[in-house]
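For reference, the structure discussed in these notes is given below.
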Amino acid sequence: ADQLDAVACLENGGLDFEGLTISAKDELISKLSFSREGDHWESKSTPEGDVVVAVDCTQDEAILSSGRSRELINVIQQLRKAMGLDLSDKVEVFFEESVGINTVESSVAMNVNLFEAKFQGAVPLPKKFAPSWSVILRSDTAEIGGSKVEVSICRPAVAGKNGVCEAVGYFLSTLEPSNVANESTFSITVDGKETTLKQGEDFWGSTVAKLRGTKGLSWL
């Protein structure tokens, strides 16, 4: 009998087979099973066969990127621990992948909220966006998602617009990010001329803020 016959037997309470009537209640034992298509399915049934649980074990990109993000978080936590940092100590995180590889960046892009919640709003960024005056506290090379990645934790730094002159860059490097939050402008003298720097145009409290404000990174 095929599946339809079996279902009809259970619904009608019995089955007529070659002149015999078989009672579904007293003479027929029904056991459930799972017929899978593909190796990505895993199933388990109770000994009695009355319950079957089937799980689709397909690992899509969202699952894989979440796993890689947690690998990166673990590396960052180890770097923080090695520096003796407290949970309240803020850092900026930059990473560098091999040329042509963007596995980690893609994973961070899909899990921005996870990193913001874990690191007080900080999001790991490609190293190419780090200010030239960024101070590395500690770095290490780790394998994430099968690729070698250099991960660095840095002292929080004010970010400047692209192409700032050396004098302006030096001035920005002396500022504490926590002290510029409420400052809309700074006036400095460069080559004998007074220059006004505006927050949101010439400087930002962090590289994350800069990239968001200038839309310098599509996924941020």
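Letters for chains follow the order of the structure tokens (A, B, ...), residue numbers begin at 1 for each chain, and ligand numbers begin at 1 in the order shown.
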
Closest contacts (range 64-106 of chain A/range 176-191 of chain A, max 12 Å, only C-alpha atoms) as JSON lines:
```
{"residue": "A:Lys90", "atom": "CA", "partner": "A:Ser178", "partner_atom": "CA", "distance": 10.4}
{"residue": "A:Val91", "atom": "CA", "partner": "A:Pro177", "partner_atom": "CA", "distance": 11.0}
{"residue": "A:Glu92", "atom": "CA", "partner": "A:Pro177", "partner_atom": "CA", "distance": 11.3}
```

Writer output for current selection, N, CA, C and O atoms, as a compact mmCIF listing (two decimals), in the first residue's frame:
```
# COMPACT_ATOMS: atom_id res chain seq x y z
N LYS A 90 36.64 52.10 26.24
CA LYS A 90 36.28 52.10 24.82
C LYS A 90 37.52 51.99 23.94
O LYS A 90 38.57 52.54 24.27
N VAL A 91 37.38 51.30 22.84
CA VAL A 91 38.45 51.21 21.85
C VAL A 91 37.83 51.28 20.46
O VAL A 91 36.61 51.12 20.30
N GLU A 92 38.65 51.55 19.47
CA GLU A 92 38.23 51.42 18.08
C GLU A 92 38.90 50.17 17.54
O GLU A 92 40.03 49.84 17.92
```

Using DSSP on the backbone coordinates, identify the residues of range 144-177 of chain A assigned to strand (DSSP E or B); present them as a compact mmCIF listing (two decimals) with C-alpha atoms, in the first residue's frame.
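Generated output (part.txt):
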```
# COMPACT_ATOMS: atom_id res chain seq x y z
CA ILE A 144 38.35 33.86 10.78
CA SER A 147 41.11 33.45 6.17
CA LYS A 148 43.97 35.19 7.93
CA VAL A 149 42.93 38.57 9.33
CA GLU A 150 44.95 41.18 11.23
CA VAL A 151 42.83 42.67 14.01
CA SER A 152 43.88 45.77 15.96
CA ILE A 153 42.33 47.52 18.93
CA CYS A 154 43.17 51.22 19.01
CA ALA A 159 38.71 61.48 12.74
CA GLY A 160 39.47 64.19 10.18
```

Do a neighbour search on range 70-83 of chain A at 9 Å with only C-alpha atoms, toss out local chain neighbours closer than 3 positions, and write the hits as a short mmCIF file (atom, residue, chain, number, x, y, z; two decimals) with C-alpha atoms, in the first residue's frame.
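So the final result, stored in result31.cif, reads:
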```cif
data_model
loop_
_atom_site.label_atom_id
_atom_site.label_comp_id
_atom_site.auth_asym_id
_atom_site.auth_seq_id
_atom_site.Cartn_x
_atom_site.Cartn_y
_atom_site.Cartn_z
CA SER A 65 28.29 35.47 8.82
CA SER A 66 26.93 35.37 12.36
CA GLY A 67 29.44 32.63 13.21
CA ASP A 86 37.72 46.96 31.68
CA LEU A 87 34.29 46.58 30.08
CA VAL A 91 38.45 51.21 21.85
CA VAL A 93 38.72 48.21 16.13
CA VAL A 104 35.16 39.54 7.52
CA VAL A 108 30.49 42.70 9.98
CA PHE A 115 28.91 44.70 17.37
CA LYS A 118 28.77 44.36 22.34
CA LEU A 137 47.08 49.29 21.65
CA ARG A 138 47.42 45.67 20.56
CA SER A 139 47.03 43.63 17.40
CA ASP A 140 47.07 40.01 16.37
CA ALA A 142 43.76 35.36 13.55
CA GLU A 143 41.99 32.91 11.28
CA ILE A 144 38.35 33.86 10.78
CA GLY A 145 36.15 31.99 8.35
CA VAL A 151 42.83 42.67 14.01
CA SER A 152 43.88 45.77 15.96
CA ILE A 153 42.33 47.52 18.93
#
```

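Picture a line from CA of Arg155 in chain A to CA of Val123 in chain A; it runs 13.8 Å.
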